[in-house]
file input_1.tsv (TSV, C-alpha atoms and all ligand atoms)
chain	number	residue	atom	x	y	z
A	1	MET	CA	-2.02	108.09	-53.03
A	2	ILE	CA	0.23	110.37	-55.09
A	3	THR	CA	3.33	108.78	-53.57
A	4	PHE	CA	1.99	105.35	-54.43
A	5	LEU	CA	1.26	106.45	-58.00
A	6	SER	CA	4.74	107.93	-58.46
A	7	TYR	CA	6.39	104.73	-57.18
A	8	PHE	CA	4.13	102.71	-59.45
A	9	THR	CA	5.04	104.88	-62.46
A	10	ALA	CA	8.75	104.55	-61.65
A	11	ILE	CA	8.46	100.74	-61.51
A	12	LEU	CA	6.54	100.69	-64.80
A	13	ALA	CA	9.22	102.88	-66.40
A	14	LEU	CA	11.93	100.44	-65.24
A	15	VAL	CA	10.00	97.46	-66.66
A	16	PHE	CA	9.55	99.38	-69.91
A	17	ILE	CA	13.28	100.10	-70.23
A	18	PHE	CA	14.12	96.46	-69.44
A	19	GLN	CA	11.71	95.20	-72.11
A	20	LEU	CA	13.06	97.71	-74.63
A	21	MET	CA	16.58	96.39	-74.04
A	22	ASN	CA	15.32	92.82	-74.57
A	23	ILE	CA	13.74	93.80	-77.89
A	24	TYR	CA	16.94	95.55	-78.98
A	25	GLN	CA	19.02	92.48	-78.12
A	26	LEU	CA	16.66	90.07	-79.91
A	27	ALA	CA	16.61	92.31	-82.99
A	28	SER	CA	20.42	92.40	-83.17
A	29	GLU	CA	20.60	88.64	-82.80
A	30	LEU	CA	18.10	88.24	-85.66
A	31	LYS	CA	20.25	90.56	-87.79
A	32	GLY	CA	23.13	88.19	-87.13
A	33	GLU	CA	25.26	90.59	-85.07
A	34	ASN	CA	27.18	88.95	-82.25
A	35	THR	CA	26.25	91.25	-79.40
A	36	GLY	CA	28.66	89.60	-76.94
A	37	ILE	CA	31.76	91.17	-78.50
A	38	ALA	CA	32.32	94.90	-78.84
A	39	ASN	CA	32.79	95.90	-82.44
A	40	ASP	CA	34.32	99.09	-83.78
A	41	ARG	CA	31.01	100.93	-83.72
A	42	ASP	CA	30.46	99.95	-80.06
A	43	ASN	CA	33.91	101.21	-79.14
A	44	ARG	CA	33.31	104.53	-80.82
A	45	SER	CA	29.89	105.06	-79.29
A	46	GLN	CA	31.17	104.09	-75.81
A	47	GLY	CA	34.13	106.46	-76.21
A	48	LEU	CA	31.81	109.26	-77.24
A	49	GLY	CA	29.54	108.40	-74.31
A	50	MET	CA	32.52	108.85	-71.97
A	51	LEU	CA	33.32	112.24	-73.48
A	52	LEU	CA	29.69	113.43	-73.20
A	53	PHE	CA	29.29	112.10	-69.68
A	54	MET	CA	32.22	114.19	-68.41
A	55	PRO	CA	30.73	117.69	-68.98
A	56	ALA	CA	27.24	116.46	-68.00
A	57	PHE	CA	28.67	115.15	-64.71
A	58	PHE	CA	30.54	118.41	-64.03
A	59	ILE	CA	27.53	120.59	-64.87
A	60	PHE	CA	25.29	118.44	-62.63
A	61	LEU	CA	27.76	118.75	-59.76
A	62	LEU	CA	28.24	122.51	-60.14
A	63	THR	CA	24.47	123.03	-60.37
A	64	LEU	CA	23.96	121.08	-57.13
A	65	ILE	CA	26.63	123.15	-55.38
A	66	PHE	CA	25.01	126.35	-56.64
A	67	ILE	CA	21.49	125.30	-55.58
A	68	TYR	CA	22.46	123.98	-52.15
A	69	LYS	CA	25.21	126.44	-51.17
A	70	ASP	CA	22.88	128.05	-48.59
A	71	LYS	CA	22.45	124.67	-46.92
A	72	MET	CA	26.14	124.46	-46.09
A	73	LEU	CA	27.52	125.53	-42.70
A	74	PRO	CA	25.73	128.44	-41.02
A	75	GLN	CA	27.59	131.67	-40.25
A	76	ALA	CA	30.47	131.13	-37.83
A	77	ALA	CA	29.94	133.02	-34.58
A	78	SER	CA	33.32	132.67	-32.85
A	79	ASP	CA	36.94	133.68	-33.43
A	80	VAL	CA	38.17	130.13	-34.01
A	81	GLY	CA	34.98	129.35	-35.94
A	82	LYS	CA	35.98	131.77	-38.67
A	83	GLU	CA	39.40	130.15	-38.87
A	84	ALA	CA	37.82	126.69	-38.98
A	85	ASP	CA	35.78	127.84	-41.98
A	86	ARG	CA	38.93	129.13	-43.68
A	87	LEU	CA	40.56	125.74	-43.11
A	88	MET	CA	37.47	124.00	-44.48
A	89	ASN	CA	37.41	126.20	-47.59
A	90	PHE	CA	41.14	125.66	-48.09
A	91	ASN	CA	40.41	121.90	-48.13
A	92	TRP	CA	37.53	122.34	-50.56
A	93	VAL	CA	39.70	124.29	-53.00
A	94	ILE	CA	42.36	121.56	-53.01
A	95	ILE	CA	39.77	118.79	-53.30
A	96	PHE	CA	38.02	120.51	-56.22
A	97	ILE	CA	41.22	121.21	-58.15
A	98	VAL	CA	42.34	117.57	-57.82
A	99	PHE	CA	38.83	116.27	-58.49
A	100	PHE	CA	38.33	118.20	-61.73
A	101	ILE	CA	41.78	117.38	-63.10
A	102	THR	CA	41.67	113.64	-62.32
A	103	GLU	CA	38.03	113.14	-63.43
A	104	ALA	CA	38.59	115.05	-66.67
A	105	LEU	CA	41.66	112.91	-67.41
A	106	LEU	CA	39.81	109.71	-66.51
A	107	PHE	CA	37.04	110.27	-69.05
A	108	TYR	CA	39.36	111.77	-71.65
A	109	PHE	CA	41.70	108.77	-71.53
A	110	ALA	CA	38.79	106.32	-71.68
A	111	ASN	CA	37.93	107.78	-75.08
A	112	ARG	CA	41.45	108.57	-76.27
A	113	TYR	CA	42.72	105.02	-75.74
A	114	LYS	CA	39.70	103.03	-76.85
A	115	LYS	CA	40.37	100.05	-79.04
A	116	GLY	CA	41.08	101.28	-82.56
A	117	LYS	CA	40.28	99.74	-85.96
A	118	ASP	CA	43.83	98.44	-86.44
A	119	ASN	CA	43.64	96.37	-83.24
A	120	SER	CA	46.60	98.31	-81.86
A	121	LYS	CA	47.48	97.68	-78.24
A	122	ALA	CA	48.07	100.34	-75.61
A	123	TYR	CA	51.68	100.96	-74.68
A	124	TYR	CA	52.54	99.01	-71.55
A	125	PHE	CA	54.07	101.44	-69.12
A	126	PRO	CA	55.08	99.55	-66.00
A	127	HIS	CA	57.35	101.85	-64.07
A	128	GLN	CA	58.88	105.30	-63.99
A	129	ASP	CA	60.74	106.56	-60.95
A	130	LYS	CA	60.39	110.24	-61.72
A	131	LEU	CA	56.61	110.03	-62.11
A	132	GLU	CA	56.21	108.01	-58.91
A	133	LEU	CA	58.37	110.48	-57.06
A	134	ILE	CA	56.17	113.36	-58.22
A	135	TRP	CA	52.89	111.75	-57.28
A	136	THR	CA	54.28	110.77	-53.89
A	137	ILE	CA	55.99	114.02	-52.94
A	138	VAL	CA	53.38	116.53	-54.17
A	139	PRO	CA	50.43	114.99	-52.24
A	140	SER	CA	52.68	114.50	-49.18
A	141	ILE	CA	53.52	118.22	-49.13
A	142	VAL	CA	49.87	119.22	-49.65
A	143	LEU	CA	48.69	116.85	-46.90
A	144	ALA	CA	51.43	118.07	-44.55
A	145	VAL	CA	50.28	121.67	-45.10
A	146	ILE	CA	46.65	120.71	-44.35
A	147	ILE	CA	47.64	118.77	-41.23
A	148	ILE	CA	49.92	121.53	-39.87
A	149	TYR	CA	47.23	124.14	-40.57
A	150	GLY	CA	44.63	121.95	-38.80
A	151	LEU	CA	46.90	121.16	-35.85
A	152	SER	CA	47.72	124.82	-35.28
A	153	LEU	CA	44.00	125.65	-35.17
A	154	TRP	CA	43.36	122.70	-32.86
A	155	GLY	CA	46.16	124.00	-30.64
A	156	LYS	CA	44.46	127.39	-30.57
A	157	MET	CA	41.12	125.81	-29.57
A	158	THR	CA	42.45	123.46	-26.91
A	159	GLY	CA	45.77	124.99	-25.84
A	160	LYS	CA	46.40	127.51	-23.10
A	161	PRO	CA	43.39	129.83	-22.66
A	162	ASP	CA	43.66	133.61	-22.08
A	163	LYS	CA	44.38	134.61	-18.48
A	164	ASP	CA	41.03	136.39	-18.13
A	165	ALA	CA	38.99	133.67	-19.85
A	166	ILE	CA	35.74	132.90	-18.01
A	167	VAL	CA	36.00	129.32	-16.75
A	168	ILE	CA	32.82	127.26	-17.06
A	169	GLN	CA	32.49	123.55	-16.38
A	170	LEU	CA	30.19	121.60	-18.67
A	171	TYR	CA	28.99	118.52	-16.88
A	172	ALA	CA	27.34	115.91	-19.10
A	173	LYS	CA	25.28	112.98	-17.91
A	174	GLN	CA	22.45	110.87	-19.27
A	175	PHE	CA	20.63	112.96	-20.52
A	176	ASP	CA	21.37	116.59	-19.85
A	177	PHE	CA	24.09	119.19	-19.45
A	178	THR	CA	24.82	121.23	-16.32
A	179	ALA	CA	26.98	124.34	-16.45
A	180	ARG	CA	29.04	125.46	-13.46
A	181	TYR	CA	30.42	128.99	-13.49
A	182	SER	CA	33.59	129.50	-11.51
A	183	GLY	CA	32.30	132.66	-9.77
A	184	HIS	CA	34.29	135.69	-8.54
A	185	ASP	CA	37.59	133.84	-8.10
A	186	ASN	CA	37.24	132.33	-11.62
A	187	ILE	CA	38.38	128.99	-10.13
A	188	LEU	CA	36.15	125.93	-10.06
A	189	GLY	CA	35.86	124.29	-6.65
A	190	LYS	CA	36.99	120.69	-6.18
A	191	THR	CA	34.64	117.84	-6.97
A	192	ASP	CA	34.71	114.15	-6.20
A	193	TYR	CA	32.50	111.54	-7.81
A	194	LYS	CA	32.07	109.86	-4.40
A	195	LEU	CA	30.24	112.96	-3.14
A	196	ILE	CA	27.64	112.82	-5.93
A	197	ASP	CA	24.11	112.78	-4.60
A	198	ASP	CA	21.39	113.23	-7.18
A	199	ALA	CA	19.10	115.16	-4.87
A	200	THR	CA	21.52	117.45	-3.05
A	201	ASN	CA	24.88	117.43	-4.85
A	202	PRO	CA	24.57	116.23	-8.47
A	203	LEU	CA	28.06	117.43	-9.46
A	204	GLY	CA	29.81	115.95	-6.40
A	205	MET	CA	31.04	119.36	-5.12
A	206	ASP	CA	33.45	119.26	-2.23
A	207	THR	CA	31.83	121.59	0.33
A	208	THR	CA	35.08	121.96	2.28
A	209	ASP	CA	36.77	123.68	-0.68
A	210	ALA	CA	36.14	127.43	-0.34
A	211	LYS	CA	36.94	127.96	-4.04
A	212	GLY	CA	33.68	126.24	-4.87
A	213	TRP	CA	31.46	128.31	-2.60
A	214	ASP	CA	31.00	131.09	-5.16
A	215	ASP	CA	30.47	128.63	-8.03
A	216	ILE	CA	27.16	129.00	-9.82
A	217	ILE	CA	25.35	125.95	-11.12
A	218	VAL	CA	22.80	126.41	-13.92
A	219	LYS	CA	20.68	124.10	-16.01
A	220	GLY	CA	18.55	124.62	-19.11
A	221	GLU	CA	20.41	127.60	-20.51
A	222	LEU	CA	23.81	129.13	-20.09
A	223	HIS	CA	24.81	132.71	-20.77
A	224	VAL	CA	28.16	133.98	-22.05
A	225	PRO	CA	29.29	137.52	-22.85
A	226	VAL	CA	30.17	138.47	-26.42
A	227	ASN	CA	33.83	139.17	-27.36
A	228	HIS	CA	35.24	137.56	-24.23
A	229	GLN	CA	37.03	134.23	-24.17
A	230	ILE	CA	35.12	131.37	-22.54
A	231	ASP	CA	37.05	128.36	-21.34
A	232	PHE	CA	34.86	125.27	-21.22
A	233	LYS	CA	36.03	122.39	-19.08
A	234	CYS	CA	34.05	119.29	-19.97
A	235	ASN	CA	33.31	116.28	-17.79
A	236	ALA	CA	30.97	113.33	-17.98
A	237	ARG	CA	29.44	111.28	-15.20
A	238	ASP	CA	28.39	108.05	-16.87
A	239	VAL	CA	29.30	107.45	-20.51
A	240	MET	CA	31.00	109.48	-23.21
A	241	HIS	CA	29.04	112.52	-24.36
A	242	GLY	CA	29.78	115.18	-26.93
A	243	MET	CA	30.09	118.92	-26.44
A	244	TYR	CA	28.99	120.24	-29.81
A	245	MET	CA	28.29	123.90	-30.63
A	246	PRO	CA	27.86	124.10	-34.40
A	247	TYR	CA	27.72	127.92	-34.70
A	248	PHE	CA	30.97	128.26	-32.75
A	249	ARG	CA	32.51	125.32	-34.67
A	250	GLU	CA	33.36	123.69	-31.37
A	251	GLN	CA	33.31	120.00	-30.67
A	252	ILE	CA	35.03	117.90	-28.06
A	253	ASN	CA	34.23	114.70	-26.20
A	254	CYS	CA	33.10	114.74	-22.58
A	255	VAL	CA	34.79	111.69	-21.12
A	256	PRO	CA	34.21	110.18	-17.66
A	257	GLY	CA	37.29	110.50	-15.47
A	258	ILE	CA	39.12	113.23	-17.38
A	259	THR	CA	38.62	116.91	-18.15
A	260	THR	CA	38.65	118.05	-21.75
A	261	ASP	CA	39.17	121.71	-22.46
A	262	MET	CA	38.06	123.97	-25.26
A	263	HIS	CA	37.89	127.73	-25.48
A	264	PHE	CA	36.66	130.34	-27.92
A	265	ILE	CA	35.44	133.92	-28.14
A	266	PRO	CA	31.79	134.27	-29.16
A	267	THR	CA	31.64	137.14	-31.65
A	268	ILE	CA	27.93	137.56	-32.40
A	269	THR	CA	25.24	138.05	-29.74
A	270	THR	CA	22.04	136.04	-29.87
A	271	ALA	CA	20.11	139.28	-30.55
A	272	GLN	CA	22.37	140.14	-33.50
A	273	MET	CA	22.12	136.61	-34.89
A	274	ARG	CA	18.32	136.82	-34.71
A	275	LYS	CA	18.52	139.94	-36.86
A	276	ASP	CA	21.05	138.42	-39.28
A	277	THR	CA	19.09	135.22	-39.80
A	278	HIS	CA	15.67	136.97	-39.81
A	279	ASP	CA	14.63	134.37	-37.27
A	280	THR	CA	13.20	135.82	-34.06
A	281	ALA	CA	13.28	132.38	-32.40
A	282	PHE	CA	16.96	131.73	-33.18
A	283	ASP	CA	19.07	130.29	-30.35
A	284	TYR	CA	22.57	128.92	-30.15
A	285	MET	CA	22.54	125.35	-28.91
A	286	LEU	CA	24.92	123.07	-27.10
A	287	LEU	CA	24.19	119.56	-28.33
A	288	CYS	CA	25.41	116.12	-27.40
A	289	ASN	CA	26.74	114.44	-30.53
A	290	ARG	CA	27.82	111.10	-29.12
A	291	VAL	CA	25.08	108.49	-29.18
A	292	CYS	CA	24.93	108.14	-25.42
A	293	GLY	CA	21.67	106.28	-24.86
A	294	ALA	CA	17.90	106.38	-25.26
A	295	GLY	CA	17.54	110.08	-24.40
A	296	HIS	CA	20.49	111.22	-26.53
A	297	TYR	CA	18.31	112.87	-29.18
A	298	ASN	CA	17.07	115.41	-26.65
A	299	MET	CA	20.34	116.14	-24.83
A	300	GLN	CA	20.89	119.85	-25.34
A	301	MET	CA	21.26	123.18	-23.65
A	302	LYS	CA	20.50	126.68	-24.85
A	303	ILE	CA	23.41	129.11	-25.08
A	304	VAL	CA	22.63	132.83	-24.87
A	305	VAL	CA	25.36	135.18	-26.07
A	306	ASP	CA	24.71	138.46	-24.24
A	307	SER	CA	26.27	141.89	-24.30
A	308	PRO	CA	28.67	142.17	-21.31
A	309	GLU	CA	26.12	144.29	-19.37
A	310	GLU	CA	23.31	141.77	-19.93
A	311	TYR	CA	25.63	138.93	-18.99
A	312	TYR	CA	26.70	140.39	-15.65
A	313	GLU	CA	23.11	141.35	-14.90
A	314	TRP	CA	22.04	137.73	-15.53
A	315	LEU	CA	24.99	136.35	-13.53
A	316	ALA	CA	24.15	138.55	-10.52
A	317	LYS	CA	20.69	136.99	-10.38
A	318	GLN	CA	22.06	133.43	-10.17
A	319	LYS	CA	22.51	131.76	-6.79
A	320	THR	CA	25.98	130.69	-5.71
A	321	PHE	CA	26.62	127.16	-4.50
A	322	ARG	CA	26.99	128.31	-0.88
A	323	SER	CA	23.76	130.31	-0.81
A	324	ASN	CA	21.99	127.32	-2.32
A	325	VAL	CA	23.41	124.96	0.29
A	326	ALA	CA	22.52	127.42	3.06
A	327	ALA	CA	18.96	127.52	1.80
A	328	LYS	CA	18.61	123.74	2.12
B	1	CU	CU	25.00	112.58	-24.43
call {"tool": "encode", "arguments": {"input": "input_1.tsv", "output": "structure tokens", "more": "lines below"}}
Ligand SMILES: [Cu+2]
result
Amino acid sequence: MITFLSYFTAILALVFIFQLMNIYQLASELKGENTGIANDRDNRSQGLGMLLFMPAFFIFLLTLIFIYKDKMLPQAASDVGKEADRLMNFNWVIIFIVFFITEALLFYFANRYKKGKDNSKAYYFPHQDKLELIWTIVPSIVLAVIIIYGLSLWGKMTGKPDKDAIVIQLYAKQFDFTARYSGHDNILGKTDYKLIDDATNPLGMDTTDAKGWDDIIVKGELHVPVNHQIDFKCNARDVMHGMYMPYFREQINCVPGITTDMHFIPTITTAQMRKDTHDTAFDYMLLCNRVCGAGHYNMQMKIVVDSPEEYYEWLAKQKTFRSNVAAK
């Protein structure tokens, strides 16, 4: 009822403003003013309006930023995540400097060069090489810096992982994730899509490859140790999925037929994050962020960042691929 009333009031207010404008127009026509052509008074009031709008616009924007700053990205919980935030902030600083300068000039010029009383015309300024050179070269250098900075971070995320990085396969399908730990040898066993059997071998593991015997397959939640590099190798069975871990600032596509690779060091345990956020139910999540079908909205997996002791304790309780096969 209240929503209806507020919509109704808003519509009435719009009608009121519209009618007020009609009255104003009719009154000026009666007074004999030609309202179709801007006169000197119009030009001055519009110019002043431009000047007043500029600070109002800036204050509005800065207030919004101040009010909603807590709603920006959550705390980064990985080594590369912190760097990604630095890159993001670096971009914001550049964007804001350019934004404030260009917007201020835009509104200032609109007033400064309004049509004057003497009907003077603005100076026609068609071309100047020096100016064009400046506004081409300066943004090119700034953009090159941003791109090189971004590429170097991307290289760090997707390049060669540490030698002792824990290798985990993330297998995406409609509509869930499966994690496969590489076990003692830290090498994932071979797979082949032709061997996939939903009931007995959902990842298509090649049982003749001994490297896969100690692999550990988990669903629902995956554990990783804090301060140790994790190397995620992503695959997809059916369509493209997304591997998205917002707190670690990690995102890469899982594409059928190829393996995509991303690694990072988690720096804050789940327990610590629960303390920091004052949220006892906090959990890191792996989410799919490619619209992959009807169940996409619910395609996720919990990530638990443990202390090393907790991690190895958890890992020891998981069944290896071979012991699982033997049990069947
Ligand atoms: Cu998906």
call {"tool": "residues_around", "arguments": {"input": "input_1.tsv", "residues": "Pro266 (chain A)", "least_positions_apart": "6", "cutoff": "6 Å", "atoms": "all atoms listed in the file", "output": "number ranges by chain"}}
result
A: 77-78, 226-227
call {"tool": "closest_residue", "arguments": {"input": "input_1.tsv", "among": "A:Gly212, A:Gly295, A:Pro256, A:Pro74", "to": "ligand CU 1 (chain B)", "atoms": "all atoms listed in the file"}}
result
A:Gly295
call {"tool": "residues_near_ligand", "arguments": {"input": "input_1.tsv", "ligand": "ligand CU 1 (chain B)", "cutoff": "12 Å", "atoms": "only C-alpha atoms and all ligand atoms", "output": "PyMOL selection string"}}
result
chain A and resi 170-178+235-244+252-256+286-301
call {"tool": "residues_around", "arguments": {"input": "input_1.tsv", "residues": "Ile196 (chain A)", "least_positions_apart": "4", "cutoff": "12 Å", "atoms": "all atoms listed in the file", "output": "PyMOL selection string"}}
result
chain A and resi 191-192+200-207+237-238
call {"tool": "write_last_selection", "arguments": {"input": "input_1.tsv", "atoms": "C-alpha atoms", "output": "compact mmCIF listing (two decimals), in the frame of the given file"}}
result
# COMPACT_ATOMS: atom_id res chain seq x y z
CA THR A 191 34.64 117.84 -6.97
CA ASP A 192 34.71 114.15 -6.20
CA THR A 200 21.52 117.45 -3.05
CA ASN A 201 24.88 117.43 -4.85
CA PRO A 202 24.57 116.23 -8.47
CA LEU A 203 28.06 117.43 -9.46
CA GLY A 204 29.81 115.95 -6.40
CA MET A 205 31.04 119.36 -5.12
CA ASP A 206 33.45 119.26 -2.23
CA THR A 207 31.83 121.59 0.33
CA ARG A 237 29.44 111.28 -15.20
CA ASP A 238 28.39 108.05 -16.87
call {"tool": "closest_residue", "arguments": {"input": "input_1.tsv", "among": "A:Phe4, A:Leu52, A:Phe96, A:Val305", "to": "Ile65 (chain A)", "atoms": "all atoms listed in the file"}}
result
A:Phe96
call {"tool": "closest_residue", "arguments": {"input": "input_1.tsv", "among": "A:Asn111, A:Asn186, A:Thr208, A:Ser28", "to": "Met50 (chain A)", "atoms": "all atoms listed in the file"}}
result
A:Asn111
call {"tool": "closest_residue", "arguments": {"input": "input_1.tsv", "among": "A:Leu222, A:Ile258, A:Pro246, A:Ala144", "to": "Val304 (chain A)", "atoms": "all atoms listed in the file"}}
result
A:Leu222
call {"tool": "atom_distance", "arguments": {"input": "input_1.tsv", "atom1": "CA of Ala281 (chain A)", "atom2": "CA of Gln75 (chain A)"}}
result
16.3 Å
call {"tool": "atom_distance", "arguments": {"input": "input_1.tsv", "atom1": "CA of Asp129 (chain A)", "atom2": "CA of Ile148 (chain A)"}}
result
28.0 Å
call {"tool": "atom_distance", "arguments": {"input": "input_1.tsv", "atom1": "CA of Gly220 (chain A)", "atom2": "CA of Cys234 (chain A)"}}
result
16.4 Å
call {"tool": "closest_residue", "arguments": {"input": "input_1.tsv", "among": "A:Lys233, A:Ser6, A:Gly150, A:Arg274", "to": "Leu87 (chain A)", "atoms": "only C-alpha atoms"}}
result
A:Gly150
call {"tool": "residues_around", "arguments": {"input": "input_1.tsv", "residues": "Phe100 (chain A)", "least_positions_apart": "5", "cutoff": "12 Å", "atoms": "only C-alpha atoms", "output": "number ranges by chain"}}
result
A: 54-55, 57-59, 61-62, 92-95, 105-108
call {"tool": "closest_residue", "arguments": {"input": "input_1.tsv", "among": "A:Ala104, A:Ala179, A:Thr320, A:Glu313", "to": "Lys211 (chain A)", "atoms": "all atoms listed in the file"}}
result
A:Thr320
call {"tool": "axis_aligned_box", "arguments": {"input": "input_1.tsv", "around": "region 121-129 of chain A", "padding_each_side": "5 Å", "output": "lines of an AutoDock Vina configuration file"}}
result
center_x = 54.1
center_y = 102.1
center_z = -69.6
size_x = 23.3
size_y = 18.9
size_z = 27.3
call {"tool": "residues_around", "arguments": {"input": "input_1.tsv", "residues": "Pro225 (chain A)", "least_positions_apart": "2", "cutoff": "12 Å", "atoms": "only C-alpha atoms", "output": "PyMOL selection string"}}
result
chain A and resi 78+165-166+222-223+227-230+264-270+303-315
call {"tool": "decode", "arguments": {"input": "input_1.tsv", "residues": "region 173-186 of chain A", "atoms": "N, CA and C atoms", "output": "short mmCIF file (atom, residue, chain, number, x, y, z; two decimals), in the first residue's frame"}}
result
data_model
loop_
_atom_site.label_atom_id
_atom_site.label_comp_id
_atom_site.auth_asym_id
_atom_site.auth_seq_id
_atom_site.Cartn_x
_atom_site.Cartn_y
_atom_site.Cartn_z
N LYS A 173 30.99 -28.88 -14.53
CA LYS A 173 29.97 -29.41 -15.45
C LYS A 173 28.63 -28.85 -15.01
N GLN A 174 27.63 -29.01 -15.86
CA GLN A 174 26.29 -28.55 -15.48
C GLN A 174 25.76 -29.45 -14.37
N PHE A 175 25.54 -29.06 -13.09
CA PHE A 175 25.79 -27.74 -12.59
C PHE A 175 26.52 -27.85 -11.27
N ASP A 176 27.73 -28.36 -11.31
CA ASP A 176 28.52 -28.37 -10.08
C ASP A 176 30.02 -28.42 -10.39
N PHE A 177 30.80 -28.24 -9.33
CA PHE A 177 32.26 -28.34 -9.45
C PHE A 177 32.73 -29.60 -8.73
N THR A 178 33.75 -30.24 -9.27
CA THR A 178 34.42 -31.33 -8.58
C THR A 178 35.89 -30.93 -8.47
N ALA A 179 36.49 -31.18 -7.30
CA ALA A 179 37.92 -30.90 -7.16
C ALA A 179 38.67 -32.20 -7.10
N ARG A 180 39.80 -32.27 -7.81
CA ARG A 180 40.64 -33.47 -7.74
C ARG A 180 42.03 -33.07 -7.28
N TYR A 181 42.41 -33.57 -6.11
CA TYR A 181 43.74 -33.29 -5.56
C TYR A 181 44.72 -34.28 -6.18
N SER A 182 45.94 -33.81 -6.40
CA SER A 182 46.89 -34.65 -7.13
C SER A 182 47.58 -35.68 -6.23
N GLY A 183 47.31 -35.66 -4.92
CA GLY A 183 47.84 -36.70 -4.04
C GLY A 183 49.32 -36.57 -3.73
N HIS A 184 49.94 -37.66 -3.24
CA HIS A 184 51.34 -37.63 -2.77
C HIS A 184 52.32 -37.19 -3.85
N ASP A 185 52.11 -37.69 -5.08
CA ASP A 185 53.06 -37.37 -6.16
C ASP A 185 52.86 -35.96 -6.70
N ASN A 186 51.79 -35.27 -6.29
CA ASN A 186 51.44 -33.93 -6.76
C ASN A 186 51.31 -33.88 -8.29
#
